[in-house]
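Participant: Right, I'll just put the structure down here and ask away after.
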Amino acid sequence: METTTIPKASAVFKTLFKADMATLLSNRRSAVISLLVPLIILVTWKAIVKYKGGPFVLATSIAIGLIAIGLMGYTLSVARDRDKGIFQRLRVAPVPTWAIMTSRICIQLIMIMVLTLAVFIVGYQYDRIELSLQGYLLTFCVAILGGAVYLSLGQLIVGLIKNFETINATTRITYFLFIMVGMVGDLSSFSPRIKQIIRYSPYGSVKMMLAASMEPAQWNNDTTLAVLVCVGYIIVFAGIGIQKFRWNAK
Amino acid sequence: MAVEQDKYILKVESLGVTYGNVVAVQDVGFNVLQGEIFGLLGPNGAGKTSTLSAIEGLIKFKTGIIMVDGQDAQTKPLFAKASMGVQLQSTSFQPELNVVQILQLFSGIYGVPKSKNEIKEILKEIKLEDAANKKFGQLSGGQQQRVSLVIATIHNPKLVLLDEPTTGLDPQSRRQLWERIEAIKDKGHAVLLTTHSMEEAEAVCDRIAIIDHGRVIAIDTPQALIDKHRDNPEVIAVSRRGKITLEDVFIGLTGTAVRD
């Protein structure tokens with residue numbers, strides 16, 4: 001019998017990534033749906049561009065899309081695979097656990113990039129929103145940071161809740177809440193305290209960051225604070241989510 | 001292939017597993033030799049799955065040592081996992097992937113990547129060439145078990161762990177699976193399987209351990225266990241046909257109470 005050799009972590013990661021990509025492509029309908037909501041916002045808010053500006057509409061669309069990817073994409077796929085015992089099957093193989101999760105996060109990062117590009121293209125084609133090259137590049141990077149906020153929020157949910165159905169309900173309610181905050185929060189006249197809470201909520205701070213990155217000249221102390229708040233959310237959500245995460249739903 | 005009968009592929013010593021305050025496994029010890037099929041038998045909740053999960057590296061154990069191919073599984077988990085092939089009780093793969101993609105995934109993560117053509121050859125060997133593009137969930141129970149077994153042995157591991165491999169199979173599929181398990185043994189692999197079927201234990205296992213309330217209460221060849229407990233009054237009391245069977249020994253030793 002041959003000597004046992006431990007497969008290289010890079011080769012294992014590559015294989016996992018390929019399988020996760022195949023899974024994403026098989027599920028392209030749900031991926032397209034998660035891209036649709038931000039694009040619908042972009043199209044239906046065309047009239048608002050005049051009043052609130054292009055960056056506001058683009059930032060709202062991207063933020064809502066990031067929430068869909070982080071909560072519906074990542075969280076539900078992790079919850080389902082845990083519930084079905086798919087992780088357990090992978091864990092009995094010589095697979096470092098970081099590779100399982102990193103591969104999935106990479107898939108979601110690709111989705112974030114696709115979303116950002118789709119919003120840029122539709123925004124330019126339909127709403128005539130044009131940014132500087134610097135604005136496009138900075139927004140692209142900031143979208144990844146914003147996506148990380150919602151991915152870590154998703155990790156927090158799967159870390160704290162084991163039952164798939166409860167996770168499903170929680171993510172949908174959270175998604176709905178964020179959409180409501182996005183739709184109503186900026187357009188309604190709330191008290192300054194509520195506005196402040198919305199401003200530095202996971203939704204508000206990501207949106208603020210995105211809007212500022214589209215017009216780098218507008219970047220100010222509030223934007224820097226929003227970046228720091230986002231980093232704080234990532235550290236706290238991911239920290240608790242990873243610590244509390246169990247690979248087995250039972 | 002010459003089989004080294006004295007070489008332990010798996011050595012479990014003083015294993016203890018607890019879940020909070022509940023002791024699931026205590027002081028369990030056994031060895032599995034190269035070229036041997038070793039059965040782990042026990043009523044529901046006896047500690048079989050906890051023992052197996054500890055060997056598989058799915059749970060952390062409180063006490064004891066697990067050595068896989070001479071290496072400590074706790075300090076070298078990736079080596080231990082690379083040395084073993086596992087078929088879990090309820091095998092689940094990504095439902096979006098077809099059989100070829102699943103085999104490509106697992107051959108890749110075990111470090112023996114296979115091309116589509118190589119995988120189709122493997123599927124041909126297990127008479128599943130038509131299932132290449134099917135999703136795992138579309139296969140029958142017997143076909144699923146054949147695919148799972150191929151995945152468990154795709155990297156030619158020294159130790160194969162099978163958790164109730166024939167549960168839910170019809171007699172034909174079960175017999176076919178027994179032949180495949182014996183073929184694995186003939187290639188020199190060590191096999192550790194758990195089962196509720198005494199018929200299976202007698203048919204394929206070289207040695208068995210009966211585990212109850214988290215402890216190993218008997219360990220030997222099926223025939224030796226029957227011979228050893230033939231005159232045990234508790235075994236005789238549960239015997240149904242006059243002739244003592246392995247099931248009589250099992251029930252005699254573990255009791256007649258139904259476990260949840």
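Here, A, B, ... name the chains of the structure tokens in the order displayed, residue numbers run from 1 inside each chain, and ligands are numbered from 1 in the same displayed order.
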Just list as a list in words whatever in stretch 42-119 of chain B DSSP marks as strand (DSSP E or B).

Facilitator: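 Result set for stretch 42-119 of chain B (strand (DSSP E or B)): Thr63, Gly64, Ile65, Ile66, Met67, Val68, Gln71, Asp72, Met84, Gly85, Val86, Gln87 and Asn98 of chain B.
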
Participant: Write the residues of the preceding selection, restricted to N, CA, C and O atoms, as a compact mmCIF listing (two decimals), in the first residue's frame.

Facilitator:
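File written: result-v6.txt
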```
# COMPACT_ATOMS: atom_id res chain seq x y z
N THR B 63 -10.40 12.15 26.79
CA THR B 63 -9.24 11.35 27.22
C THR B 63 -8.91 10.32 26.17
O THR B 63 -9.72 10.00 25.31
N GLY B 64 -7.71 9.76 26.29
CA GLY B 64 -7.32 8.65 25.43
C GLY B 64 -6.44 9.06 24.26
O GLY B 64 -6.09 10.23 24.08
N ILE B 65 -6.10 8.03 23.47
CA ILE B 65 -5.21 8.23 22.32
C ILE B 65 -5.81 7.51 21.12
O ILE B 65 -6.31 6.39 21.25
N ILE B 66 -5.76 8.15 19.98
CA ILE B 66 -6.13 7.49 18.73
C ILE B 66 -4.92 7.58 17.81
O ILE B 66 -4.45 8.68 17.49
N MET B 67 -4.42 6.42 17.43
CA MET B 67 -3.27 6.38 16.52
C MET B 67 -3.75 5.83 15.18
O MET B 67 -4.35 4.76 15.12
N VAL B 68 -3.48 6.57 14.13
CA VAL B 68 -3.83 6.10 12.79
C VAL B 68 -2.52 5.92 12.02
O VAL B 68 -1.76 6.86 11.86
N GLN B 71 0.50 7.27 13.74
CA GLN B 71 0.58 8.70 14.07
C GLN B 71 -0.59 9.10 14.96
O GLN B 71 -1.70 8.61 14.77
N ASP B 72 -0.31 10.01 15.89
CA ASP B 72 -1.35 10.48 16.80
C ASP B 72 -2.35 11.36 16.02
O ASP B 72 -1.97 12.38 15.45
N MET B 84 -7.30 7.88 6.06
CA MET B 84 -8.56 7.15 6.13
C MET B 84 -9.57 7.63 5.10
O MET B 84 -9.55 8.77 4.65
N GLY B 85 -10.43 6.70 4.72
CA GLY B 85 -11.55 7.02 3.84
C GLY B 85 -12.81 6.80 4.65
O GLY B 85 -12.88 5.83 5.41
N VAL B 86 -13.75 7.69 4.51
CA VAL B 86 -14.92 7.65 5.39
C VAL B 86 -16.23 7.61 4.61
O VAL B 86 -16.40 8.36 3.64
N GLN B 87 -17.11 6.74 5.04
CA GLN B 87 -18.49 6.78 4.55
C GLN B 87 -19.37 7.07 5.75
O GLN B 87 -19.48 6.25 6.66
N ASN B 98 -23.20 17.10 -9.99
CA ASN B 98 -23.50 15.75 -10.48
C ASN B 98 -22.42 14.77 -9.98
O ASN B 98 -21.44 15.19 -9.34
```

Participant: Residues of chain B near chain A: apply a cut-off of 10 Å, count only C-alpha atoms, and supply the list as an NGL selection string.

Facilitator: :B and (1 or 3 or 53 or 55-58 or 69 or 77-88 or 90-98 or 101-102 or 104-113 or 152 or 155-158 or 187-189)

Participant: Can you tell me which residues surround B:Ala132 at a distance of at most 9 Å, considering only C-alpha atoms, apart from same-chain residues fewer than 3 positions away, and format the answer as a PyMOL selection string?

Facilitator: chain B and resi 98-101+119-120+123+128-129+135

Participant: Write the residues of the preceding selection, restricted to N, CA and C atoms, as a PDB file, in the first residue's frame.

Facilitator:
```
ATOM      1  N   ASN B  98     -23.199  17.097  -9.987  1.00  0.00           N
ATOM      2  CA  ASN B  98     -23.496  15.748 -10.480  1.00  0.00           C
ATOM      3  C   ASN B  98     -22.423  14.773  -9.980  1.00  0.00           C
ATOM      4  N   VAL B  99     -22.627  13.509 -10.297  1.00  0.00           N
ATOM      5  CA  VAL B  99     -21.744  12.473  -9.737  1.00  0.00           C
ATOM      6  C   VAL B  99     -20.285  12.696 -10.152  1.00  0.00           C
ATOM      7  N   VAL B 100     -20.074  13.071 -11.411  1.00  0.00           N
ATOM      8  CA  VAL B 100     -18.693  13.306 -11.868  1.00  0.00           C
ATOM      9  C   VAL B 100     -18.070  14.469 -11.087  1.00  0.00           C
ATOM     10  N   GLN B 101     -18.842  15.519 -10.908  1.00  0.00           N
ATOM     11  CA  GLN B 101     -18.314  16.691 -10.175  1.00  0.00           C
ATOM     12  C   GLN B 101     -18.003  16.350  -8.714  1.00  0.00           C
ATOM     13  N   ILE B 119     -12.769   9.297 -14.184  1.00  0.00           N
ATOM     14  CA  ILE B 119     -13.943   9.125 -13.323  1.00  0.00           C
ATOM     15  C   ILE B 119     -14.988   8.258 -14.018  1.00  0.00           C
ATOM     16  N   LYS B 120     -15.134   8.458 -15.313  1.00  0.00           N
ATOM     17  CA  LYS B 120     -16.100   7.623 -16.048  1.00  0.00           C
ATOM     18  C   LYS B 120     -15.670   6.159 -16.018  1.00  0.00           C
ATOM     19  N   LEU B 123     -16.673   4.864 -12.659  1.00  0.00           N
ATOM     20  CA  LEU B 123     -18.129   4.645 -12.623  1.00  0.00           C
ATOM     21  C   LEU B 123     -18.502   3.383 -13.398  1.00  0.00           C
ATOM     22  N   LEU B 128     -22.030   2.229 -12.919  1.00  0.00           N
ATOM     23  CA  LEU B 128     -22.801   3.469 -12.787  1.00  0.00           C
ATOM     24  C   LEU B 128     -22.453   4.467 -13.895  1.00  0.00           C
ATOM     25  N   GLU B 129     -22.008   3.912 -15.034  1.00  0.00           N
ATOM     26  CA  GLU B 129     -21.579   4.813 -16.106  1.00  0.00           C
ATOM     27  C   GLU B 129     -22.711   5.720 -16.588  1.00  0.00           C
ATOM     28  N   LYS B 135     -27.564  13.917 -10.558  1.00  0.00           N
ATOM     29  CA  LYS B 135     -27.294  14.474  -9.234  1.00  0.00           C
ATOM     30  C   LYS B 135     -27.330  13.324  -8.237  1.00  0.00           C
TER      31      LYS B 135
END
```

Participant: DSSP on the backbone, then: every residue of stretch 4-216 of chain B marked helix (DSSP H, G or I), written as JSON, numbers by chain.

Facilitator: {"B": [48, 49, 50, 51, 52, 53, 54, 55, 56, 77, 78, 79, 80, 81, 82, 83, 99, 100, 101, 102, 103, 104, 105, 106, 107, 108, 109, 116, 117, 118, 119, 120, 121, 122, 123, 124, 125, 129, 130, 131, 136, 137, 138, 141, 142, 143, 144, 145, 146, 147, 148, 149, 150, 151, 152, 153, 171, 172, 173, 174, 175, 176, 177, 178, 179, 180, 181, 182, 183, 184, 185, 186, 198, 199, 200, 201, 202, 203, 204]}

Participant: With distances taken over only C-alpha atoms, which of B:Ala24, B:Leu253, B:Leu15, B:Ala203 is nearest to B:Arg174?

Facilitator: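 With only C-alpha atoms as the atom set, the closest residue is B:Ala203.
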
Participant: By how many Å are atom CA of B:Val23 and atom CA of B:Asp212 apart?

Facilitator: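 Atom CA of B:Asp212 lies at a distance of 12.1 Å from atom CA of B:Val23.
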
Participant: Grab the atom CA of A:Leu42 to atom CA of A:Ser189 distance for me, in Å with one decimal place.

Facilitator: 22.4 Å

Participant: Using only C-alpha atoms, which protein or nucleic acid residues come within 7 Å of A:Ile112? Drop anything in the same chain fewer than 2 positions from it, and give the result as a PyMOL selection string.

Facilitator: chain A and resi 66+108-110+114-116+144+147

Participant: Could you please take those selected residues and save C-alpha atoms as an mmCIF file, in the first residue's frame?

Facilitator:
```cif
data_model
loop_
_atom_site.group_PDB
_atom_site.id
_atom_site.type_symbol
_atom_site.label_atom_id
_atom_site.label_comp_id
_atom_site.auth_asym_id
_atom_site.auth_seq_id
_atom_site.Cartn_x
_atom_site.Cartn_y
_atom_site.Cartn_z
ATOM 1 C CA LEU A 66 -24.413 43.576 -0.815
ATOM 2 C CA GLN A 108 -19.323 35.731 -2.566
ATOM 3 C CA LEU A 109 -16.565 38.271 -3.277
ATOM 4 C CA ILE A 110 -16.875 37.415 -6.958
ATOM 5 C CA VAL A 114 -20.295 41.218 -10.478
ATOM 6 C CA LEU A 115 -22.947 43.194 -8.598
ATOM 7 C CA THR A 116 -20.826 46.345 -8.461
ATOM 8 C CA ILE A 144 -15.691 44.676 -1.081
ATOM 9 C CA GLY A 147 -19.676 43.239 1.410
#
```

Participant: For stretch 16-19 of chain B, find every residue with an atom within 10 Å (counting only C-alpha atoms), except residues of its own chain fewer than 5 positions away, and show them as a list in words.

Facilitator: Ala24, Val25, Gln26, Asp27, Val28, Gly29, Gly47, Ser50, Thr51, Ser53, Ala54, Ile59, Lys60, Phe61, Lys62, Thr63, Gly64, Ile65, Gly214 and Arg215 of chain B

Participant: Go ahead and dump the residues you just picked, N, CA and C atoms, as a CSV table (one decimal), in the first residue's frame.

Facilitator:
```csv
chain,number,residue,atom,x,y,z
B,24,ALA,N,-20.4,10.0,27.0
B,24,ALA,CA,-20.9,9.1,25.8
B,24,ALA,C,-20.0,7.9,25.6
B,25,VAL,N,-18.7,8.1,25.9
B,25,VAL,CA,-17.7,7.0,25.7
B,25,VAL,C,-16.7,7.1,26.8
B,26,GLN,N,-16.5,5.9,27.4
B,26,GLN,CA,-15.4,5.9,28.5
B,26,GLN,C,-14.5,4.7,28.4
B,27,ASP,N,-13.3,5.0,28.4
B,27,ASP,CA,-12.2,3.9,28.4
B,27,ASP,C,-12.4,2.9,27.3
B,28,VAL,N,-12.7,3.4,26.1
B,28,VAL,CA,-12.9,2.4,25.0
B,28,VAL,C,-11.5,2.2,24.4
B,29,GLY,N,-11.2,0.9,24.1
B,29,GLY,CA,-10.0,0.6,23.4
B,29,GLY,C,-10.1,-0.6,22.5
B,47,GLY,N,-22.7,4.6,22.0
B,47,GLY,CA,-21.4,5.3,21.9
B,47,GLY,C,-20.6,4.9,20.6
B,50,SER,N,-20.2,8.2,18.5
B,50,SER,CA,-19.2,9.1,19.2
B,50,SER,C,-17.8,8.6,19.0
B,51,THR,N,-17.6,7.2,19.1
B,51,THR,CA,-16.3,6.6,18.9
B,51,THR,C,-15.8,6.9,17.5
B,53,SER,N,-16.9,9.2,15.4
B,53,SER,CA,-16.7,10.6,15.2
B,53,SER,C,-15.3,11.1,15.7
B,54,ALA,N,-15.0,10.5,16.9
B,54,ALA,CA,-13.7,10.9,17.5
B,54,ALA,C,-12.5,10.4,16.5
B,59,ILE,N,-15.2,15.2,16.3
B,59,ILE,CA,-15.4,15.7,17.7
B,59,ILE,C,-14.1,15.6,18.5
B,60,LYS,N,-13.9,16.5,19.5
B,60,LYS,CA,-12.7,16.4,20.3
B,60,LYS,C,-13.0,15.4,21.4
B,61,PHE,N,-12.1,14.6,21.7
B,61,PHE,CA,-12.3,13.6,22.8
B,61,PHE,C,-11.5,14.1,24.0
B,62,LYS,N,-12.1,13.7,25.2
B,62,LYS,CA,-11.6,14.2,26.5
B,62,LYS,C,-10.3,13.5,26.9
B,63,THR,N,-10.4,12.2,26.8
B,63,THR,CA,-9.2,11.4,27.2
B,63,THR,C,-8.9,10.3,26.2
B,64,GLY,N,-7.7,9.8,26.3
B,64,GLY,CA,-7.3,8.7,25.4
B,64,GLY,C,-6.4,9.1,24.3
B,65,ILE,N,-6.1,8.0,23.5
B,65,ILE,CA,-5.2,8.2,22.3
B,65,ILE,C,-5.8,7.5,21.1
B,214,GLY,N,-21.3,3.2,26.5
B,214,GLY,CA,-20.0,3.9,26.3
B,214,GLY,C,-18.8,3.1,26.6
B,215,ARG,N,-19.0,1.8,26.9
B,215,ARG,CA,-17.8,0.9,27.2
B,215,ARG,C,-17.8,-0.3,26.2
```

Participant: What is the distance, in Å and to one decimal place, between atom CA of A:Gly185 and atom CA of A:Leu210?

Facilitator: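 That distance, rounded to one decimal, is 16.5 Å.
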
Participant: List as an MDAnalysis selection string the protein and nucleic acid residues near A:Ser205, meaning an atom at most 8 Å away when only C-alpha atoms are counted, but skip any in the same chain fewer than 2 places from it.

Facilitator: chainID A and resid 199:203 207:209 226:227 229:230

Participant: Dump N, CA and C atoms for the selected residues as a PDB file, in the first residue's frame?

Facilitator:
```pdb
ATOM      1  N   ARG A 199     -27.643  56.213  10.288  1.00  0.00           N
ATOM      2  CA  ARG A 199     -26.396  56.638   9.627  1.00  0.00           C
ATOM      3  C   ARG A 199     -25.233  55.690   9.935  1.00  0.00           C
ATOM      4  N   TYR A 200     -25.152  55.246  11.185  1.00  0.00           N
ATOM      5  CA  TYR A 200     -24.023  54.377  11.551  1.00  0.00           C
ATOM      6  C   TYR A 200     -24.446  52.918  11.755  1.00  0.00           C
ATOM      7  N   SER A 201     -25.604  52.585  11.217  1.00  0.00           N
ATOM      8  CA  SER A 201     -26.020  51.172  11.232  1.00  0.00           C
ATOM      9  C   SER A 201     -25.194  50.435  10.161  1.00  0.00           C
ATOM     10  N   PRO A 202     -25.217  49.099  10.150  1.00  0.00           N
ATOM     11  CA  PRO A 202     -24.467  48.396   9.099  1.00  0.00           C
ATOM     12  C   PRO A 202     -24.895  48.848   7.700  1.00  0.00           C
ATOM     13  N   TYR A 203     -26.164  49.222   7.558  1.00  0.00           N
ATOM     14  CA  TYR A 203     -26.617  49.694   6.250  1.00  0.00           C
ATOM     15  C   TYR A 203     -26.094  51.108   5.981  1.00  0.00           C
ATOM     16  N   LYS A 207     -23.378  52.490   3.158  1.00  0.00           N
ATOM     17  CA  LYS A 207     -23.879  53.369   2.106  1.00  0.00           C
ATOM     18  C   LYS A 207     -23.113  54.696   2.082  1.00  0.00           C
ATOM     19  N   MET A 208     -22.828  55.209   3.289  1.00  0.00           N
ATOM     20  CA  MET A 208     -22.086  56.456   3.390  1.00  0.00           C
ATOM     21  C   MET A 208     -20.689  56.307   2.762  1.00  0.00           C
ATOM     22  N   MET A 209     -20.077  55.184   3.073  1.00  0.00           N
ATOM     23  CA  MET A 209     -18.743  54.883   2.564  1.00  0.00           C
ATOM     24  C   MET A 209     -18.763  54.787   1.030  1.00  0.00           C
ATOM     25  N   ALA A 226     -17.155  56.244   9.178  1.00  0.00           N
ATOM     26  CA  ALA A 226     -17.988  55.136   8.660  1.00  0.00           C
ATOM     27  C   ALA A 226     -17.120  53.923   8.319  1.00  0.00           C
ATOM     28  N   VAL A 227     -15.937  54.174   7.767  1.00  0.00           N
ATOM     29  CA  VAL A 227     -15.010  53.079   7.435  1.00  0.00           C
ATOM     30  C   VAL A 227     -14.608  52.359   8.720  1.00  0.00           C
ATOM     31  N   VAL A 229     -16.222  52.316  11.551  1.00  0.00           N
ATOM     32  CA  VAL A 229     -17.397  51.616  12.094  1.00  0.00           C
ATOM     33  C   VAL A 229     -17.575  50.275  11.363  1.00  0.00           C
ATOM     34  N   CYS A 230     -17.404  50.315  10.030  1.00  0.00           N
ATOM     35  CA  CYS A 230     -17.538  49.065   9.241  1.00  0.00           C
ATOM     36  C   CYS A 230     -16.497  48.031   9.667  1.00  0.00           C
TER      37      CYS A 230
END
```

Participant: Which residues, written as a PyMOL selection string, have at least one atom at most 12 Å from A:Leu76, with only C-alpha atoms counted and residues fewer than 4 positions away on the same chain left out?

Facilitator: chain A and resi 30+68-72+80-83+104+151+154-155+157-158+161-172
